[in-house]
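Text of protein-v1.txt, listed as compact mmCIF, C-alpha atoms:
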# COMPACT_ATOMS: atom_id res chain seq x y z
CA MET E 1 -188.06 31.96 -70.18
CA THR E 2 -187.25 35.38 -68.73
CA ASP E 3 -184.03 36.86 -70.16
CA ALA E 4 -183.06 39.03 -67.19
CA TYR E 5 -184.08 39.78 -63.62
CA TYR E 6 -183.60 43.21 -62.05
CA PHE E 7 -183.34 43.52 -58.28
CA ILE E 8 -183.71 46.49 -55.95
CA SER E 9 -184.66 46.64 -52.27
CA ASP E 10 -184.95 48.76 -49.15
CA LEU E 11 -186.63 51.80 -50.63
CA HIS E 12 -188.54 52.45 -47.36
CA ILE E 13 -191.03 54.72 -49.11
CA GLY E 14 -193.48 56.34 -46.69
CA GLY E 15 -193.78 57.12 -43.01
CA ASP E 16 -194.75 59.83 -40.58
CA GLU E 17 -194.08 63.44 -41.55
CA GLN E 18 -190.40 63.91 -42.48
CA LEU E 19 -189.93 60.18 -43.15
CA GLY E 20 -192.28 60.63 -46.09
CA LYS E 21 -189.71 62.60 -48.06
CA VAL E 22 -188.20 60.45 -50.85
CA ASP E 23 -184.86 61.93 -51.85
CA PHE E 24 -184.41 59.47 -54.72
CA LEU E 25 -187.88 59.71 -56.28
CA ASP E 26 -186.64 61.20 -59.57
CA GLU E 27 -183.97 58.52 -59.94
CA LEU E 28 -186.45 55.74 -59.16
CA LEU E 29 -188.94 57.06 -61.72
CA THR E 30 -186.20 57.24 -64.34
CA PHE E 31 -185.19 53.64 -63.59
CA LEU E 32 -188.78 52.44 -63.90
CA ARG E 33 -189.23 54.31 -67.17
CA THR E 34 -186.10 52.66 -68.52
CA LEU E 35 -187.57 49.24 -67.74
CA GLU E 36 -190.86 50.29 -69.31
CA ALA E 37 -189.02 51.02 -72.55
CA THR E 38 -186.87 47.86 -72.56
CA ASP E 39 -187.19 45.25 -75.30
CA GLU E 40 -185.96 42.52 -72.93
CA ASP E 41 -188.12 39.75 -71.56
CA ALA E 42 -187.38 40.96 -68.02
CA GLU E 43 -188.79 41.03 -64.51
CA LEU E 44 -188.24 43.53 -61.70
CA ILE E 45 -188.10 42.03 -58.21
CA ILE E 46 -188.22 44.29 -55.16
CA ASN E 47 -186.90 41.99 -52.47
CA GLY E 48 -188.32 43.61 -49.37
CA ASP E 49 -188.89 46.95 -47.66
CA ALA E 50 -190.34 48.64 -50.72
CA PHE E 51 -192.50 50.65 -48.32
CA GLY E 52 -192.08 51.97 -44.80
CA LEU E 53 -195.37 50.69 -43.38
CA TRP E 54 -193.89 50.34 -39.90
CA GLU E 55 -193.16 54.07 -40.00
CA PHE E 56 -196.86 55.01 -40.19
CA THR E 57 -198.36 55.51 -36.73
CA ASP E 58 -201.44 57.59 -37.52
CA VAL E 59 -203.11 55.20 -40.03
CA ASP E 60 -203.68 51.44 -39.96
CA GLY E 61 -204.17 48.52 -42.33
CA LEU E 62 -204.90 49.20 -46.00
CA ASP E 63 -205.21 52.89 -45.16
CA LYS E 64 -201.40 52.94 -45.17
CA LEU E 65 -201.33 51.92 -48.82
CA ASP E 66 -204.02 54.48 -49.62
CA ALA E 67 -201.84 57.10 -47.92
CA LEU E 68 -198.88 56.02 -50.07
CA VAL E 69 -200.91 56.23 -53.28
CA GLU E 70 -202.22 59.67 -52.33
CA ARG E 71 -198.75 60.94 -51.39
CA TYR E 72 -196.86 59.52 -54.39
CA PRO E 73 -199.33 59.40 -57.31
CA GLU E 74 -196.59 59.74 -59.94
CA LEU E 75 -194.74 56.73 -58.53
CA PHE E 76 -197.79 54.46 -58.53
CA ASP E 77 -198.75 55.63 -62.02
CA GLN E 78 -195.25 54.62 -63.13
CA PHE E 79 -195.51 51.28 -61.34
CA GLU E 80 -198.69 50.66 -63.30
CA ALA E 81 -197.09 51.68 -66.61
CA THR E 82 -193.89 49.67 -66.08
CA GLY E 83 -195.83 46.71 -64.73
CA ALA E 84 -197.89 46.63 -67.91
CA ARG E 85 -194.67 46.05 -69.85
CA ILE E 86 -192.73 43.69 -67.53
CA PRO E 87 -193.73 41.82 -64.36
CA ILE E 88 -192.96 43.60 -61.07
CA THR E 89 -192.82 41.30 -58.06
CA LEU E 90 -192.63 42.32 -54.40
CA ILE E 91 -191.82 40.21 -51.38
CA PRO E 92 -192.31 41.60 -47.87
CA GLY E 93 -189.47 42.86 -45.74
CA ASN E 94 -189.68 43.66 -42.06
CA HIS E 95 -190.59 47.32 -42.52
CA ASP E 96 -193.48 46.40 -44.82
CA TYR E 97 -194.25 43.09 -43.11
CA GLU E 98 -197.97 43.93 -43.12
CA LEU E 99 -197.89 43.05 -46.83
CA ALA E 100 -197.46 39.42 -45.73
CA ALA E 101 -200.19 39.52 -43.10
CA TYR E 102 -203.24 40.75 -45.00
CA PRO E 103 -204.46 39.10 -48.25
CA GLU E 104 -206.21 42.34 -49.22
CA TYR E 105 -202.84 43.84 -50.11
CA VAL E 106 -202.45 41.35 -52.97
CA ASP E 107 -205.51 42.64 -54.82
CA ARG E 108 -204.88 46.29 -53.96
CA LEU E 109 -201.31 46.22 -55.29
CA ALA E 110 -202.44 44.29 -58.38
CA GLU E 111 -204.38 47.42 -59.38
CA PHE E 112 -200.95 49.00 -60.05
CA ASN E 113 -199.56 45.90 -61.80
CA LEU E 114 -197.54 44.96 -58.72
CA THR E 115 -197.49 41.24 -57.90
CA LEU E 116 -197.16 40.63 -54.17
CA ARG E 117 -195.78 37.26 -53.09
CA GLN E 118 -196.57 36.77 -49.40
CA GLU E 119 -193.57 34.53 -48.82
CA VAL E 120 -190.24 34.69 -47.01
CA SER E 121 -188.31 33.73 -50.14
CA ILE E 122 -188.83 33.00 -53.82
CA THR E 123 -186.76 31.44 -56.58
CA ARG E 124 -186.25 32.22 -60.23
CA ARG E 125 -184.80 30.12 -63.01
CA VAL E 126 -182.00 31.63 -65.10
CA GLY E 127 -180.59 29.35 -67.80
CA ASP E 128 -179.83 26.01 -66.17
CA ALA E 129 -179.48 27.54 -62.70
CA VAL E 130 -181.66 28.97 -59.96
CA VAL E 131 -181.64 32.35 -58.21
CA TYR E 132 -182.70 32.29 -54.57
CA VAL E 133 -184.22 35.57 -53.29
CA GLU E 134 -185.10 36.74 -49.77
CA HIS E 135 -185.21 39.99 -47.86
CA GLY E 136 -183.03 38.78 -45.01
CA MET E 137 -184.89 39.79 -41.86
CA GLN E 138 -185.36 36.15 -40.83
CA ARG E 139 -181.61 35.91 -40.21
CA ASP E 140 -181.60 39.01 -37.97
CA PRO E 141 -182.45 38.22 -34.31
CA ASN E 142 -183.95 41.68 -33.78
CA ASN E 143 -186.19 41.59 -36.86
CA ARG E 144 -186.98 37.90 -37.36
CA ILE E 145 -190.72 37.35 -37.77
CA PRO E 146 -191.50 34.48 -35.36
CA ASP E 147 -194.72 33.43 -37.12
CA PHE E 148 -194.54 34.72 -40.68
CA GLY E 149 -197.97 35.78 -41.89
CA ASN E 150 -199.39 36.41 -38.45
CA PRO E 151 -200.26 40.15 -38.24
CA TYR E 152 -199.46 40.18 -34.52
CA ALA E 153 -196.11 38.37 -34.73
CA ASN E 154 -194.01 41.53 -34.64
CA PRO E 155 -190.30 41.29 -33.75
CA PRO E 156 -188.44 43.56 -31.27
CA GLY E 157 -187.37 45.81 -34.14
CA TYR E 158 -191.00 46.74 -34.76
CA PHE E 159 -191.40 48.27 -31.32
CA VAL E 160 -188.03 50.03 -31.52
CA ASN E 161 -189.05 51.42 -34.88
CA ARG E 162 -192.39 52.69 -33.63
CA GLN E 163 -190.82 54.41 -30.65
CA VAL E 164 -187.61 55.70 -32.25
CA THR E 165 -187.80 55.93 -36.05
CA SER E 166 -191.39 57.10 -36.37
CA ARG E 167 -190.96 59.62 -33.57
CA ALA E 168 -187.79 60.89 -35.23
CA GLY E 169 -189.81 61.57 -38.38
CA ARG E 170 -192.32 63.59 -36.39
CA LEU E 171 -189.71 65.59 -34.47
CA SER E 172 -187.02 66.06 -37.12
CA GLU E 173 -188.22 69.39 -38.45
CA ARG E 174 -188.05 70.93 -34.97
CA GLY E 175 -184.25 70.76 -34.93
CA LYS E 176 -181.94 73.50 -36.11
CA PHE E 177 -181.11 71.10 -38.93
CA ASN E 178 -183.57 68.53 -40.27
CA TRP E 179 -181.37 65.53 -39.39
CA LEU E 180 -183.35 63.22 -37.10
CA LYS E 181 -185.26 61.78 -40.07
CA ASP E 182 -182.01 60.14 -41.25
CA VAL E 183 -182.05 57.68 -38.35
CA GLN E 184 -182.99 54.94 -40.87
CA ALA E 185 -179.63 55.50 -42.56
CA VAL E 186 -177.66 54.67 -39.41
CA THR E 187 -176.40 51.11 -39.68
CA PRO E 188 -175.81 49.17 -37.60
CA MET E 189 -178.21 50.50 -34.97
CA THR E 190 -175.43 50.40 -32.37
CA GLN E 191 -174.08 53.55 -34.07
CA ILE E 192 -177.18 55.57 -33.16
CA PRO E 193 -175.84 56.93 -29.82
CA ALA E 194 -172.62 58.17 -31.46
CA TRP E 195 -174.62 59.63 -34.37
CA MET E 196 -176.95 61.50 -32.02
CA LEU E 197 -174.04 62.83 -29.95
CA SER E 198 -172.34 63.99 -33.16
CA ASN E 199 -175.42 65.82 -34.41
CA TYR E 200 -176.05 67.37 -31.01
CA PHE E 201 -172.50 68.72 -30.80
CA TYR E 202 -172.14 69.96 -34.38
CA ARG E 203 -175.73 71.01 -35.10
CA GLU E 204 -177.91 71.49 -32.02
CA MET E 205 -175.52 72.66 -29.29
CA SER E 206 -175.55 76.36 -28.56
CA PRO E 207 -172.82 77.90 -30.79
CA TRP E 208 -171.12 79.75 -27.94
CA LEU E 209 -170.98 76.57 -25.85
CA ARG E 210 -169.59 74.59 -28.81
CA TYR E 211 -166.82 77.07 -29.51
CA VAL E 212 -165.97 77.46 -25.83
CA SER E 213 -165.67 73.71 -25.35
CA ALA E 214 -163.97 73.06 -28.71
CA PRO E 215 -160.46 74.25 -27.61
CA PHE E 216 -160.55 71.92 -24.60
CA LEU E 217 -161.64 68.99 -26.75
CA LEU E 218 -159.15 69.81 -29.50
CA LEU E 219 -156.30 70.04 -26.99
CA PHE E 220 -157.35 66.97 -25.03
CA ASN E 221 -154.64 64.72 -26.47
CA VAL E 222 -152.00 67.41 -25.95
CA GLY E 223 -153.47 68.02 -22.51
CA PHE E 224 -153.04 64.37 -21.63
CA LEU E 225 -149.31 64.66 -22.39
CA TYR E 226 -149.28 67.86 -20.34
CA VAL E 227 -150.80 65.93 -17.42
CA LEU E 228 -148.08 63.31 -17.74
CA ALA E 229 -145.33 65.94 -17.81
CA PHE E 230 -146.92 67.72 -14.84
CA ALA E 231 -147.13 64.45 -12.87
CA LEU E 232 -143.47 63.61 -13.55
CA ASP E 233 -142.41 67.10 -12.46
CA ALA E 234 -144.62 67.13 -9.35
CA ALA E 235 -143.30 63.73 -8.30
CA GLY E 236 -139.71 64.94 -8.75
CA LEU E 237 -138.98 62.16 -11.25
CA TRP E 238 -138.29 64.19 -14.38
CA SER E 239 -138.70 67.97 -14.70
CA LEU E 240 -137.25 68.36 -18.20
CA PRO E 241 -140.52 67.84 -20.16
CA MET E 242 -142.33 70.47 -18.09
CA ASP E 243 -139.43 72.92 -18.46
CA LEU E 244 -139.40 72.42 -22.25
CA ILE E 245 -143.16 73.01 -22.47
CA GLU E 246 -142.96 76.24 -20.47
CA ARG E 247 -139.99 77.52 -22.51
CA PHE E 248 -141.72 76.66 -25.80
CA LEU E 249 -144.94 78.42 -24.83
CA GLY E 250 -142.97 81.40 -23.56
CA LEU E 251 -141.73 82.01 -27.12
CA PHE E 252 -145.27 82.99 -28.20
CA GLY E 253 -145.90 85.66 -25.58
CA PRO E 254 -149.60 86.28 -24.82
CA VAL E 255 -150.69 83.50 -27.18
CA GLY E 256 -148.43 81.04 -25.36
CA ALA E 257 -149.82 82.23 -22.04
CA LEU E 258 -153.37 81.61 -23.31
CA VAL E 259 -152.45 78.09 -24.46
CA ASP E 260 -150.79 77.48 -21.07
CA LEU E 261 -154.03 78.59 -19.39
CA LEU E 262 -156.05 76.21 -21.54
CA LEU E 263 -153.67 73.35 -20.79
CA THR E 264 -153.89 74.07 -17.08
CA ALA E 265 -157.68 74.03 -17.28
CA ASN E 266 -157.45 70.81 -19.29
CA LEU E 267 -155.25 69.40 -16.53
CA ALA E 268 -157.97 70.01 -13.97
CA VAL E 269 -160.69 68.57 -16.23
CA THR E 270 -158.58 65.50 -17.09
CA LEU E 271 -157.85 64.75 -13.44
CA LEU E 272 -161.54 65.09 -12.63
CA LEU E 273 -162.49 62.77 -15.52
CA LEU E 274 -159.92 60.21 -14.40
CA LEU E 275 -161.33 60.22 -10.88
CA VAL E 276 -164.88 59.75 -12.22
CA ALA E 277 -163.83 57.19 -14.84
CA ILE E 278 -162.41 54.68 -12.35
CA PRO E 279 -165.68 53.90 -10.53
CA LEU E 280 -167.62 54.13 -13.82
CA PHE E 281 -165.31 51.56 -15.42
CA VAL E 282 -165.80 49.15 -12.53
CA PHE E 283 -169.57 49.69 -12.67
CA ALA E 284 -169.76 49.25 -16.47
CA ARG E 285 -167.69 46.07 -16.32
CA ASP E 286 -170.02 44.58 -13.71
CA VAL E 287 -173.12 45.56 -15.73
CA ARG E 288 -171.69 43.91 -18.86
CA LYS E 289 -170.98 40.71 -16.94
CA THR E 290 -174.57 40.70 -15.72
CA LEU E 291 -175.96 41.26 -19.22
CA ARG E 292 -173.83 38.43 -20.59
CA ARG E 293 -175.01 36.16 -17.80
CA PHE E 294 -178.58 36.79 -18.90
CA GLY E 295 -177.62 36.35 -22.58
CA ILE E 296 -178.46 39.95 -23.52
CA ASP E 297 -174.98 41.15 -24.42
CA ARG E 298 -173.37 38.62 -26.76
CA PRO E 299 -170.06 39.65 -28.32
CA GLU E 300 -170.44 37.05 -31.07
CA GLU E 301 -173.61 38.81 -32.29
CA ARG E 302 -171.71 42.06 -32.74
CA GLU E 303 -169.65 40.56 -35.56
CA SER E 304 -170.31 41.61 -39.13
CA SER E 305 -173.90 40.78 -40.07
CA ALA E 306 -172.69 39.90 -43.56
CA ASP E 307 -171.11 36.73 -42.16
CA THR E 308 -174.56 35.38 -41.27
CA TYR E 309 -175.74 35.66 -44.87
CA LEU E 310 -172.51 34.34 -46.35
CA GLU E 311 -172.72 31.29 -44.12
CA ALA E 312 -176.36 30.73 -45.09
CA ALA E 313 -175.50 31.06 -48.77
CA SER E 314 -172.58 28.64 -48.45
CA GLU E 315 -174.88 26.06 -46.86
CA LEU E 316 -177.46 26.55 -49.60
CA PHE E 317 -174.87 26.26 -52.40
CA ALA E 318 -173.52 23.06 -50.81
CA SER E 319 -176.95 21.49 -50.30
CA ASP E 320 -178.35 22.50 -53.70
CA PRO E 321 -175.71 22.99 -56.43
CA THR E 322 -178.40 24.24 -58.82
CA VAL E 323 -178.58 27.52 -56.88
CA ALA E 324 -176.06 29.90 -58.44
CA VAL E 325 -177.06 33.25 -56.92
CA PHE E 326 -178.21 34.13 -53.39
CA VAL E 327 -179.92 37.56 -53.27
CA TYR E 328 -180.81 39.43 -50.08
CA GLY E 329 -181.14 43.00 -48.76
CA HIS E 330 -182.07 44.27 -45.28
CA THR E 331 -178.63 45.41 -44.08
CA HIS E 332 -178.39 48.37 -46.50
CA ARG E 333 -174.83 47.37 -47.41
CA PRO E 334 -174.56 46.57 -51.13
CA ALA E 335 -172.11 43.82 -52.02
CA VAL E 336 -171.37 41.14 -54.57
CA THR E 337 -169.35 38.30 -53.04
CA GLU E 338 -168.07 35.21 -54.80
CA LEU E 339 -168.18 31.98 -52.81
CA GLU E 340 -167.48 28.42 -53.74
CA GLY E 341 -170.56 27.34 -55.67
CA GLY E 342 -172.13 30.72 -56.34
CA VAL E 343 -172.44 34.47 -55.87
CA VAL E 344 -174.01 36.31 -52.92
CA VAL E 345 -175.67 39.65 -53.71
CA ASN E 346 -176.77 42.30 -51.23
CA THR E 347 -179.07 44.72 -53.02
CA GLY E 348 -178.25 47.61 -50.69
CA THR E 349 -180.66 50.52 -50.24
CA TRP E 350 -181.82 53.65 -52.02
CA LEU E 351 -181.93 55.58 -48.76
CA LYS E 352 -179.22 58.01 -47.80
CA ARG E 353 -176.14 56.29 -46.37
CA LEU E 354 -173.80 57.55 -43.65
CA ARG E 355 -170.05 57.10 -43.43
CA ARG E 356 -168.48 57.58 -39.98
CA VAL E 357 -165.23 59.56 -39.93
CA GLU E 358 -163.32 60.08 -36.71
CA SER E 359 -162.09 63.53 -35.74
CA ALA E 360 -158.47 64.18 -36.64
CA PHE E 361 -157.96 66.25 -33.48
CA GLY E 362 -158.55 65.75 -29.78
CA VAL E 363 -161.68 63.94 -28.64
CA LEU E 364 -164.28 65.71 -30.76
CA PRO E 365 -167.26 63.52 -31.73
CA PRO E 366 -167.05 61.64 -35.06
CA VAL E 367 -168.70 63.11 -38.15
CA PHE E 368 -171.21 61.12 -40.19
CA TYR E 369 -170.88 62.08 -43.86
CA SER E 370 -173.99 61.69 -46.02
CA TRP E 371 -173.87 60.02 -49.43
CA TYR E 372 -175.91 57.88 -51.80
CA GLN E 373 -175.23 54.50 -53.35
CA LEU E 374 -178.32 53.92 -55.43
CA ASN E 375 -177.99 50.68 -57.32
CA TYR E 376 -179.71 47.78 -59.01
CA VAL E 377 -178.56 44.28 -59.86
CA ARG E 378 -179.27 42.49 -63.15
CA VAL E 379 -179.03 38.69 -63.31
CA SER E 380 -179.06 36.91 -66.65
CA ALA E 381 -177.80 33.77 -68.40
CA THR E 382 -174.64 33.92 -70.52
CA ASP E 383 -174.21 32.26 -73.90
CA ASP E 384 -171.79 29.68 -72.49
CA GLY E 385 -174.13 28.42 -69.78
CA GLY E 386 -173.06 30.72 -66.96
CA VAL E 387 -174.98 33.24 -64.88
CA ALA E 388 -173.97 36.90 -65.03
CA VAL E 389 -174.52 39.25 -62.11
CA ASP E 390 -174.28 42.88 -63.25
CA TYR E 391 -174.03 45.55 -60.57
CA GLU E 392 -175.15 48.99 -61.77
CA LEU E 393 -174.86 52.31 -59.95
CA VAL E 394 -177.49 55.01 -60.37
CA GLU E 395 -175.76 58.37 -60.30
CA LYS E 396 -176.74 60.70 -57.46
CA SER E 397 -174.53 63.35 -55.91
CA ALA E 398 -173.84 63.47 -52.19
CA PRO E 399 -176.05 66.06 -50.44
CA ASN E 400 -173.08 67.94 -48.87
CA GLU E 401 -174.87 68.53 -45.58
CA GLU E 402 -171.78 68.80 -43.39
CA THR E 403 -170.91 72.12 -41.75
CA TRP E 404 -167.57 73.86 -42.28
CA PHE E 405 -166.52 72.91 -38.75
CA GLN E 406 -167.26 69.22 -39.37
CA ARG E 407 -165.12 69.32 -42.51
CA LEU E 408 -162.37 71.22 -40.68
CA VAL E 409 -161.87 68.59 -37.97
CA THR E 410 -162.09 65.47 -40.18
CA SER E 411 -160.23 64.16 -43.18
CA THR E 412 -161.94 63.40 -46.48
CA PRO E 413 -164.00 60.21 -46.16
CA LYS E 414 -162.43 57.17 -47.76
CA ARG E 415 -164.35 55.42 -50.50
CA GLY E 416 -165.28 51.81 -49.90
CA ALA E 417 -164.04 48.95 -52.02
CA ALA E 418 -165.53 49.04 -55.50
CA ILE E 419 -168.11 46.39 -56.33
CA PRO E 420 -167.30 44.57 -59.58
CA SER E 421 -169.59 45.61 -62.43
CA ARG E 422 -169.91 42.01 -63.65
CA THR E 423 -169.45 38.66 -61.93
CA VAL E 424 -170.03 35.38 -63.75
CA VAL E 425 -170.68 32.06 -62.04
CA ARG E 426 -171.11 28.69 -63.68
CA PRO E 427 -173.40 26.22 -61.89
CA THR E 428 -171.87 22.81 -61.29
CA THR E 429 -175.12 20.88 -61.68
CA GLU E 430 -178.13 21.33 -63.92
CA ALA E 431 -181.31 22.18 -62.10
CA SER E 432 -183.34 19.13 -61.10
CA GLU E 433 -186.87 18.74 -62.46
CA SER E 434 -188.41 19.63 -59.06
CA VAL E 435 -186.31 22.79 -58.71
CA VAL E 436 -187.07 23.80 -62.31
CA ALA E 437 -190.80 23.27 -61.70
CA GLU E 438 -190.68 25.40 -58.54
CA ALA E 439 -188.72 28.18 -60.23
CA ASP E 440 -190.98 28.12 -63.29
CA ALA E 441 -194.01 28.33 -61.03
CA SER E 442 -192.44 31.32 -59.30
CA ASP E 443 -191.85 32.93 -62.71
CA ARG E 444 -195.55 32.76 -63.35
I need this file expressed as structure tokens, please.
Amino acid sequence: MTDAYYFISDLHIGGDEQLGKVDFLDELLTFLRTLEATDEDAELIINGDAFGLWEFTDVDGLDKLDALVERYPELFDQFEATGARIPITLIPGNHDYELAAYPEYVDRLAEFNLTLRQEVSITRRVGDAVVYVEHGMQRDPNNRIPDFGNPYANPPGYFVNRQVTSRAGRLSERGKFNWLKDVQAVTPMTQIPAWMLSNYFYREMSPWLRYVSAPFLLLFNVGFLYVLAFALDAAGLWSLPMDLIERFLGLFGPVGALVDLLLTANLAVTLLLLLVAIPLFVFARDVRKTLRRFGIDRPEERESSADTYLEAASELFASDPTVAVFVYGHTHRPAVTELEGGVVVNTGTWLKRLRRVESAFGVLPPVFYSWYQLNYVRVSATDDGGVAVDYELVEKSAPNEETWFQRLVTSTPKRGAAIPSRTVVRPTTEASESVVAEADASDR
């Protein structure tokens, strides 16, 4: 029986032009070499989105894999070397769904000691328990494959990816900063408009326009109070706030006069925005009602996607007590969560991640800080009959791509909650003969 299983996912290797750059290639090669040198009876499972086949638009079919091999020869040589020492198993994700649709991929990947399982999920036996493994796209309405295995059964996310992600890879280098290629790191996708606005303002906008507009945006909150004071004074209700503002600014001479000028300009802009905002609010509210009536805008689907997987895992643990660990990826958000009956593991991603930080001043756009959270998960049996889930970080420094102005207007990003390095679960029931047979067959 296998001593330990290693899990990684969502590498998204490959794609048009700038999407083909793999920032973590050195770290991935080091990880694979470590497994090549191990004395464990182990298996590496890549649970989906190993490759970015959706992101190729200029080649088709097996030519995509040939393009990958040609572009990353060192990686495929290392796959072959590591796979000669321990089994390496792949299951398809949505971004490399073509792996599930064409049998030819099985033989082609086998040339590099990669075993492709053209299935939605697989199981593995660990001690007296079972590990359930999937990518997770089938639980995502936008990326669910309606007829798994059918090469033409592409979900809505496929078409969005072809039109947005792939095009971003082709256009990214044309920007003042090469940032469009990071669109894959924006999760959830609803953050994309804010991310694009942020990068336009801080990176692509003409510098003179940015620095002319910045004082108005920085003083917007103060300007709103100025509008309130002005309105109270103009209405004859309370003139004290306006008098205090004018006296305070008068203490600073020309500088105070300049600030007063900016506040006056802000007053005009704010009043104009308020006049425009009223009809826009009414229009937006009516549009949202219409979308909900057609079932397009559903507030319940905007809840945390993690809940969907936790609920699915809870149902699986309750229906089959032999399952101790539920492994998935897809959302790019690594996590190890204990539930009654087992442990739920999200294998995260090796892509760059983005952390949104709101501006500390005015109404400037948020800043998306870049960072990495490369990781792998090791699952093994313990001596006392339990199952250990070890979460391991692979060290990689943040790229520090933010400009001085972005850092000036935001506070230091807060670190997320730490994932426990080890979690142990003890299955309540020994695996039945049928489950053991299925898991053993999967091991082979």
Taking 2 positions as the minimum chain separation for residues in the same chain, which residues sit within 6 Å of region 327-333 of chain E when counting only C-alpha atoms? Answer as number ranges by chain.
E: 133-136, 345-349
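Our summary of the geometry notes that CA of Leu68 (chain E) is positioned 9.0 Å from CA of Gly20 (chain E).
Taking CA of Glu104 (chain E) as the reference point, CA of Gly149 (chain E) is found at 12.8 Å.
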Report the distance between CA of Ala84 (chain E) and CA of Asp3 (chain E) in Å, rounded to one decimal place.
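Between these atoms lies a distance of 17.1 Å.
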At a cut-off of 10 Å, using all atoms listed in the file, what residues contact Leu25 (chain E)? Leave out same-chain residues fewer than 5 positions from it and give the result as number ranges by chain.
E: 11, 13, 30-31, 72, 74-75, 350
Rank E:Thr89, E:Thr308, E:Asn178, E:Thr187 by their smallest atom-to-atom distance to Asp140 (chain E), using all atoms listed in the file, and report the top residue only.
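Among E:Thr89, E:Thr308, E:Asn178, E:Thr187, it is E:Thr308 that comes nearest to Asp140 (chain E).
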Got a sec: who's within 12 Å of Glu27 (chain E), counting all atoms listed in the file, leaving out chain neighbours fewer than 6 positions off, as a PyMOL selection string?
chain E and resi 11+33-34+75+350-351+372-376+393-397
All residues 12 Å or closer to Pro420 (chain E), only C-alpha atoms, same chain fewer than 5 positions away omitted, as a ChimeraX atom specification:
/E:334-338,343,345,377,388-393
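Among the candidate residues E:Gly175, E:Thr57, E:Leu32, E:Ala417, the one lying nearest to Ile88 (chain E) is E:Leu32, with distances computed using all atoms listed in the file.
When the distance limit is 6 Å and only C-alpha atoms are what count, the residues near Leu354 (chain E), minus those fewer than 5 positions from it on the same chain, are Phe368, Tyr369 and Ser370 of chain E.
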Proximity to Ala168 (chain E) - best of E:Gly15, E:Asp10, E:Pro215, E:Glu401, all atoms listed in the file
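Checking each of E:Gly15, E:Asp10, E:Pro215, E:Glu401 against Ala168 (chain E), counting all atoms listed in the file, the winner is E:Gly15.
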Among listed residues E:Pro87, E:Pro427, E:Pro156, E:Gly169, nearest Phe56 (chain E) (using all atoms listed in the file)
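Using all atoms listed in the file, the shortest distance to Phe56 (chain E) belongs to E:Gly169.
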Identify which of the residues E:Ser206, E:Gln18, E:Gln78, E:Thr115 lies closest to Asp182 (chain E), counting all atoms listed in the file when measuring atom-to-atom distances.
E:Gln18
Enclosing box along x, y and z for every listed atom of region 7-21 of chain E, padded 3 Å each side, centre and size in Å, one decimal, as AutoDock Vina command-line options:
--center_x -189.0 --center_y 53.7 --center_z -49.4 --size_x 17.4 --size_y 26.4 --size_z 23.7
Pick from E:Arg426, E:Phe405, E:Ala153, E:Arg203 nearest to Glu340 (chain E), counting all atoms listed in the file
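Selected residue with least distance to Glu340 (chain E): E:Arg426.
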